[in-house]
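S.K.: Here it is, the structure, as structure tokens.
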Amino acid sequence: MEIYEELVARGLIAQVTDEEEIKNLVNNGKATFYIGFDPTADSLHVGHFMALCLMKRLQMAGNRPVVLIGGGTAYVGDPSGRTDMRSMMTPETIQHNCECFKKQMERFIEFGDDKAIMVNNADWLLKLNYIELLRDVGAHFSVNNMLRARCYEQRMERGLSFLEFNYMIMQSYDFYHLFKEYGCNMQFGGDDQWSNMLGGTELIRKKLGKDAHAMTITLLMNSEGKKMGKTASGAVWLDPDKTSPYEFFQYWRNVGDADVLKCIRMLTFLPLEEIDKMDSWEGSRLNEAKEILAFELTKLVHGEKEAIKARDASHAVFGGGTHADMPTVVFCESDLEDGKVGLLKAMVKAGMAASNGEARRTVIQGGVSVDDEKISDASYSFTKEQLKSGAVVKKGKKVIMKFIFE
């Protein structure tokens with residue numbers, strides 16, 4: 001099966017501008033394509049996962065990825081899927097986040113001569129002259145068409161700032177610049193980016209002539225993929241210091257029955273023939289599929305050694321074994337108050353709650369247990385001796401950690 005057909009079979013392609021031309025470029029390894037990542041945090045999360053896996057698949061088929069870090073567009077902020085304006089970041093924060101992204105992406109993408117390249121749109125967007133941009137680029141955009149774009153529709157009732165209104169022009173200019181400077185002939189993005197992507201394709205054709213070949217493709221599940229990055233307690237990050245390999249494993253181990261095979265197709269590199277055999281799996285076999293998904297993705301992000309440790313820890317916790325390999329939170333003298341550590345404070349430090357208030361609500365609602373005993377008293381505290389022996393704390397059925405004192 002050719003790579004384009006495989007992407008379709010895995011459910012990764014939603015819309016294209018010229019399927020035959022795109023298919024020809026991709027299947028023959030002639031696509032130089034880009035995907036953009038705005039550095040709004042110091043770590044990628046699982047919402048970026050699909051794009052990273054797609055880039056890896058296409059590179060393995062001989063195509064050249066261009067990783068575009070939005071160090072420039074981050075100054076503006078993408079309004080897509082948002083109900084309010086994103087808070088402004090300092091240039092120092094943006095640069096730090098860009099550097100963090102690059103380190104994480106190197107696990108997925110092979111960079112180097114004639115391989116993948118990473119570029120930062122701050123290098124050209126921050127140098128643009130405003131009047132020149134209005135005349136040279138803005139003249140090619142219809143305000144009427146822009147207002148009909150999906151990326152703006154959610155914001156029209158609450159109010160769309162002029163700053164954010166320019167995001168489409170900035171993203172379109174990115175494709176135009178990459179086409180001219182790097183021979184980038186294809187762009188990928190989420191289904192919520194379709195209008196922005198078409199803007200870039202049209203800008204190239206208007207500026208360089210109808211014969212200029214620039215293609216666009218959207219990912220079917222990218223909007224849902226962004227939601228994948230969020231849970232009730234926050235984001236699921238690729239950085240192990242933010243989301244441990246065990247927590248990452250458990251996140252995928254607990255996906256819904258209806259989503260597990262879809263995720264295996266889209267995100268793992270298992271052969272489609274092997275995945276197709278899972279279509280008939282039901283009941284306990286779906287749990288087996290979830291473990292396959294969790295192991296494969298943890299291995300991809302954190303390496304096989306960490307994936308094995310996470311799987312073994314999961315078996316220990318949920319299979320009645322020991323708790324030796326479960327995530328451990330260490331407390332020390334500075335955490336003690338009158339020789340004790342309050343449960344609420346401990347939960348916040350462990351990342352089981354974002355604040356004392358959230359931790360209090362969880363405890364009062366019966367969502368926390370210590371050593372298999374449910375705790376409903378928000379004033380509960382651990383003694384130093386108790387922590388020296390180790391205390392197993394559970395939040396709900398899925399979040400389990402060991403608290404110790406050293």
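Residue numbering restarts at 1 in every chain; chains get A, B, ... in the order shown in the structure tokens, and ligands count up from 1 in that same order.
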Taking the DSSP secondary structure from the backbone, can you list the residues of stretch 6-65 of chain A that are alpha helix (DSSP H), as a list in words?
M.R.: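 Written out, the alpha helix (DSSP H) residues of stretch 6-65 of chain A are Glu6, Leu7, Val8, Ala9, Glu19, Glu20, Glu21, Ile22, Lys23, Asn24, Leu25, Val26, Asn27, Phe49, Met50, Ala51, Leu52, Cys53, Leu54, Met55, Lys56, Arg57, Leu58, Gln59 and Met60 of chain A.
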S.K.: With C-alpha atoms retained, export the selected residues as a JSON list (two decimals), in the first residue's frame.
M.R.:
```json
[["chain", "number", "residue", "atom", "x", "y", "z"],
["A", 6, "GLU", "CA", -2.20, 4.25, 4.05],
["A", 7, "LEU", "CA", -2.89, 7.71, 5.49],
["A", 8, "VAL", "CA", -6.44, 7.51, 4.16],
["A", 9, "ALA", "CA", -6.89, 3.98, 5.55],
["A", 19, "GLU", "CA", -5.93, 14.70, -4.57],
["A", 20, "GLU", "CA", -4.23, 13.30, -7.66],
["A", 21, "GLU", "CA", -1.36, 15.77, -7.55],
["A", 22, "ILE", "CA", -0.96, 15.35, -3.79],
["A", 23, "LYS", "CA", -1.03, 11.58, -4.12],
["A", 24, "ASN", "CA", 1.64, 11.71, -6.82],
["A", 25, "LEU", "CA", 3.96, 13.93, -4.75],
["A", 26, "VAL", "CA", 3.55, 12.02, -1.49],
["A", 27, "ASN", "CA", 3.77, 8.51, -2.96],
["A", 49, "PHE", "CA", 0.79, 13.75, 18.72],
["A", 50, "MET", "CA", -1.05, 13.11, 15.48],
["A", 51, "ALA", "CA", 0.93, 15.76, 13.60],
["A", 52, "LEU", "CA", 4.23, 14.36, 14.87],
["A", 53, "CYS", "CA", 3.29, 10.81, 13.87],
["A", 54, "LEU", "CA", 2.16, 12.03, 10.45],
["A", 55, "MET", "CA", 5.48, 13.79, 9.87],
["A", 56, "LYS", "CA", 7.34, 10.64, 10.85],
["A", 57, "ARG", "CA", 5.28, 8.48, 8.46],
["A", 58, "LEU", "CA", 5.83, 10.85, 5.54],
["A", 59, "GLN", "CA", 9.55, 11.18, 6.24],
["A", 60, "MET", "CA", 9.88, 7.39, 6.33]]
```
S.K.: Using only C-alpha atoms, what does the table of stretch 30-94 of chain A residues within 12 Å of stretch 242-251 of chain A look like, with each row giving the shortest atom pair and its distance in Å to one decimal, sorted by chain and ascending number, as a tab-separated table?
M.R.:
```
residue	atom	partner	partner_atom	distance
A:Ala41	CA	A:Lys242	CA	11.4
A:Asp42	CA	A:Lys242	CA	9.9
A:Ser43	CA	A:Lys242	CA	8.4
A:Leu44	CA	A:Lys242	CA	10.4
A:His45	CA	A:Thr243	CA	9.3
A:Val46	CA	A:Phe248	CA	9.2
```
S.K.: Do you know which residues are at most 9 Å from A:Val393 counting only C-alpha atoms, after dropping those on the same chain fewer than 3 positions away, and could you put them as a list in words?
M.R.: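 Returned residues: Met347, Val368, Ser369, Val370, Asp371, Asp372, Val399, Ile400, Met401, Lys402 and Phe403 of chain A.
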S.K.: Please return, as a PDB file with N, CA and C atoms, in the first residue's frame, all residues of stretch 183-311 of chain A that DSSP assigns to strand (DSSP E or B) on the basis of the backbone.
M.R.:
```
ATOM      1  N   MET A 186       3.672  21.770   0.036  1.00  0.00           N
ATOM      2  CA  MET A 186       2.504  21.166   0.675  1.00  0.00           C
ATOM      3  C   MET A 186       2.431  21.576   2.140  1.00  0.00           C
ATOM      4  N   GLN A 187       1.210  21.781   2.627  1.00  0.00           N
ATOM      5  CA  GLN A 187       1.024  22.098   4.045  1.00  0.00           C
ATOM      6  C   GLN A 187      -0.041  21.185   4.635  1.00  0.00           C
ATOM      7  N   PHE A 188       0.184  20.787   5.871  1.00  0.00           N
ATOM      8  CA  PHE A 188      -0.770  19.970   6.613  1.00  0.00           C
ATOM      9  C   PHE A 188      -1.260  20.772   7.810  1.00  0.00           C
ATOM     10  N   GLY A 189      -2.494  20.549   8.190  1.00  0.00           N
ATOM     11  CA  GLY A 189      -3.020  21.215   9.365  1.00  0.00           C
ATOM     12  C   GLY A 189      -4.329  20.590   9.783  1.00  0.00           C
ATOM     13  N   GLY A 190      -4.854  21.037  10.922  1.00  0.00           N
ATOM     14  CA  GLY A 190      -6.102  20.484  11.423  1.00  0.00           C
ATOM     15  C   GLY A 190      -7.301  20.963  10.646  1.00  0.00           C
ATOM     16  N   MET A 215      -0.101  22.789  -2.343  1.00  0.00           N
ATOM     17  CA  MET A 215      -1.198  21.894  -1.975  1.00  0.00           C
ATOM     18  C   MET A 215      -1.527  22.021  -0.488  1.00  0.00           C
ATOM     19  N   THR A 216      -2.748  21.689  -0.140  1.00  0.00           N
ATOM     20  CA  THR A 216      -3.140  21.689   1.264  1.00  0.00           C
ATOM     21  C   THR A 216      -3.847  20.389   1.605  1.00  0.00           C
ATOM     22  N   ILE A 217      -3.609  19.919   2.797  1.00  0.00           N
ATOM     23  CA  ILE A 217      -4.251  18.721   3.317  1.00  0.00           C
ATOM     24  C   ILE A 217      -4.609  19.002   4.776  1.00  0.00           C
ATOM     25  N   THR A 218      -5.755  18.535   5.225  1.00  0.00           N
ATOM     26  CA  THR A 218      -6.077  18.665   6.639  1.00  0.00           C
ATOM     27  C   THR A 218      -6.162  17.289   7.278  1.00  0.00           C
ATOM     28  N   LEU A 219      -5.928  17.254   8.559  1.00  0.00           N
ATOM     29  CA  LEU A 219      -6.005  16.003   9.308  1.00  0.00           C
ATOM     30  C   LEU A 219      -7.409  15.851   9.871  1.00  0.00           C
ATOM     31  N   LYS A 230      -6.135  17.361  26.770  1.00  0.00           N
ATOM     32  CA  LYS A 230      -6.710  17.886  28.002  1.00  0.00           C
ATOM     33  C   LYS A 230      -7.422  16.801  28.790  1.00  0.00           C
ATOM     34  N   THR A 231      -7.241  16.825  30.083  1.00  0.00           N
ATOM     35  CA  THR A 231      -7.997  15.955  30.975  1.00  0.00           C
ATOM     36  C   THR A 231      -8.585  16.825  32.078  1.00  0.00           C
ATOM     37  N   GLY A 234      -5.863  18.774  33.786  1.00  0.00           N
ATOM     38  CA  GLY A 234      -4.935  19.581  33.013  1.00  0.00           C
ATOM     39  C   GLY A 234      -4.513  18.888  31.736  1.00  0.00           C
ATOM     40  N   ALA A 235      -3.320  19.208  31.251  1.00  0.00           N
ATOM     41  CA  ALA A 235      -2.855  18.667  29.983  1.00  0.00           C
ATOM     42  C   ALA A 235      -2.026  17.406  30.188  1.00  0.00           C
ATOM     43  N   TRP A 237       1.195  15.943  28.885  1.00  0.00           N
ATOM     44  CA  TRP A 237       2.364  16.470  28.190  1.00  0.00           C
ATOM     45  C   TRP A 237       3.290  15.355  27.720  1.00  0.00           C
TER      46      TRP A 237
END
```
